[in-house]
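Peer 1: Pasting in a structure now, in structure tokens, and then I'll have a few things to ask.
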Amino acid sequence: MCVEYPGIDVYLATHAKLVVPPKRVYGAYADDPRYRERMQHHIREALGGRREIELGEDGFPFDEALAPPSD
């Protein structure tokens with residue numbers, strides 16, 4: 001899982017073919033200087049500062065620090 005777009009504006013512009021991602025890989029906008037600050041904000045807030053996380057079969061992160069509390 002990764003942050004793919006810096007905002008709904010870029011998401012819509014990309015799908016309308018008004019903006020082209022810098023590379024054809026997930027999370028490519030994080031490397032684009034125009035969107036780097038917004039992407040870094042989402043990466044900090046949504047993924048705890050990680051650019052991407054891998055999810056297990058149960059849909060939860062492998063990283064224990066990101067996993068939900070167990071009952």
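A note on labels: chains of the structure tokens are A, B, ... as shown, every chain counts residues from 1, and ligands are counted from 1 in their shown order.
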For Val20 of chain A, please output as a list in words all residues within 12 Å (counting only C-alpha atoms; exclusion window: fewer than 4 positions along the same chain).

Peer 2: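 The residues that qualify are Tyr5, Val10, Tyr11, Leu12, Ala13, Thr14, His15, Ala16, Arg24, Val25, Ala28, Tyr29 and Asp32 of chain A.
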
Peer 1: Kindly save the residues from that selection, with N, CA and C atoms included, as a PDB file, in the first residue's frame.

Peer 2:
```
ATOM      1  N   TYR A   5      -1.589   9.566  -4.902  1.00  0.00           N
ATOM      2  CA  TYR A   5      -1.820  10.917  -5.422  1.00  0.00           C
ATOM      3  C   TYR A   5      -1.694  11.947  -4.310  1.00  0.00           C
ATOM      4  N   VAL A  10      -5.107  16.227  -8.418  1.00  0.00           N
ATOM      5  CA  VAL A  10      -4.139  15.540  -9.267  1.00  0.00           C
ATOM      6  C   VAL A  10      -4.695  14.191  -9.727  1.00  0.00           C
ATOM      7  N   TYR A  11      -5.453  13.524  -8.868  1.00  0.00           N
ATOM      8  CA  TYR A  11      -6.104  12.276  -9.258  1.00  0.00           C
ATOM      9  C   TYR A  11      -7.013  12.503 -10.469  1.00  0.00           C
ATOM     10  N   LEU A  12      -7.870  13.506 -10.380  1.00  0.00           N
ATOM     11  CA  LEU A  12      -8.794  13.797 -11.479  1.00  0.00           C
ATOM     12  C   LEU A  12      -8.047  14.251 -12.733  1.00  0.00           C
ATOM     13  N   ALA A  13      -7.043  15.099 -12.563  1.00  0.00           N
ATOM     14  CA  ALA A  13      -6.268  15.577 -13.712  1.00  0.00           C
ATOM     15  C   ALA A  13      -5.521  14.435 -14.401  1.00  0.00           C
ATOM     16  N   THR A  14      -5.022  13.488 -13.615  1.00  0.00           N
ATOM     17  CA  THR A  14      -4.322  12.340 -14.185  1.00  0.00           C
ATOM     18  C   THR A  14      -5.288  11.495 -15.014  1.00  0.00           C
ATOM     19  N   HIS A  15      -6.462  11.223 -14.458  1.00  0.00           N
ATOM     20  CA  HIS A  15      -7.427  10.374 -15.169  1.00  0.00           C
ATOM     21  C   HIS A  15      -8.071  11.088 -16.352  1.00  0.00           C
ATOM     22  N   ALA A  16      -8.033  12.406 -16.360  1.00  0.00           N
ATOM     23  CA  ALA A  16      -8.513  13.175 -17.507  1.00  0.00           C
ATOM     24  C   ALA A  16      -7.387  13.407 -18.516  1.00  0.00           C
ATOM     25  N   ARG A  24       5.641   5.582 -14.568  1.00  0.00           N
ATOM     26  CA  ARG A  24       4.469   4.703 -14.534  1.00  0.00           C
ATOM     27  C   ARG A  24       4.624   3.655 -13.425  1.00  0.00           C
ATOM     28  N   VAL A  25       4.815   4.123 -12.198  1.00  0.00           N
ATOM     29  CA  VAL A  25       4.902   3.241 -11.036  1.00  0.00           C
ATOM     30  C   VAL A  25       4.044   3.834  -9.925  1.00  0.00           C
ATOM     31  N   ALA A  28       4.543   7.453  -7.805  1.00  0.00           N
ATOM     32  CA  ALA A  28       5.510   8.235  -8.587  1.00  0.00           C
ATOM     33  C   ALA A  28       5.429   9.727  -8.298  1.00  0.00           C
ATOM     34  N   TYR A  29       4.276  10.230  -7.910  1.00  0.00           N
ATOM     35  CA  TYR A  29       4.165  11.665  -7.657  1.00  0.00           C
ATOM     36  C   TYR A  29       5.014  12.109  -6.464  1.00  0.00           C
ATOM     37  N   ASP A  32       8.004  13.816  -7.813  1.00  0.00           N
ATOM     38  CA  ASP A  32       7.782  14.996  -8.637  1.00  0.00           C
ATOM     39  C   ASP A  32       7.914  16.240  -7.763  1.00  0.00           C
TER      40      ASP A  32
END
```

Peer 1: When you look at Arg51 of chain A with a cut-off of 9 Å (counting only C-alpha atoms), what residues show up, excluding the ones that are within fewer than 5 positions of it in the same chain? I need them as a VMD selection string.

Peer 2: chain A and resid 1 to 3 27 30 40 43 to 44

Peer 1: Can you spit out the residues from that selection as a compact mmCIF listing (two decimals), in the first residue's frame, using N, CA and C atoms?

Peer 2:
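New file out16.txt:
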```txt
# COMPACT_ATOMS: atom_id res chain seq x y z
N MET A 1 0.86 -1.15 0.00
CA MET A 1 0.00 0.00 0.00
C MET A 1 0.91 1.22 0.00
N CYS A 2 0.51 2.23 -0.78
CA CYS A 2 1.29 3.46 -0.82
C CYS A 2 0.35 4.63 -1.07
N VAL A 3 0.87 5.82 -0.86
CA VAL A 3 0.13 7.03 -1.20
C VAL A 3 0.35 7.24 -2.70
N GLY A 27 2.98 5.52 -6.62
CA GLY A 27 3.63 6.49 -5.76
C GLY A 27 4.59 7.42 -6.48
N ALA A 30 5.44 11.19 -5.62
CA ALA A 30 6.30 11.55 -4.49
C ALA A 30 7.66 12.04 -4.97
N GLN A 40 4.66 14.13 0.86
CA GLN A 40 5.33 13.88 2.14
C GLN A 40 4.36 14.04 3.31
N ILE A 43 2.27 10.90 3.33
CA ILE A 43 3.10 9.76 3.75
C ILE A 43 3.28 9.79 5.27
N ARG A 44 3.54 10.97 5.83
CA ARG A 44 3.69 11.09 7.30
C ARG A 44 2.38 10.74 8.00
```

Peer 1: One decimal, in Å: what's the spacing between atom CA of Pro6 of chain A and atom CA of Arg34 of chain A?

Peer 2: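 Distance reported for this atom pair: 9.9 Å.
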
Peer 1: Please indicate the distance in Å from atom CA of Gly49 of chain A to atom CA of Arg36 of chain A, rounded to one decimal place.

Peer 2: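 Pair atom CA of Gly49 of chain A / atom CA of Arg36 of chain A returns 13.4 Å.
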
Peer 1: Can you tell me how far atom CA of His41 of chain A sits from atom CA of Tyr26 of chain A, in Å to one decimal?

Peer 2: 16.9 Å
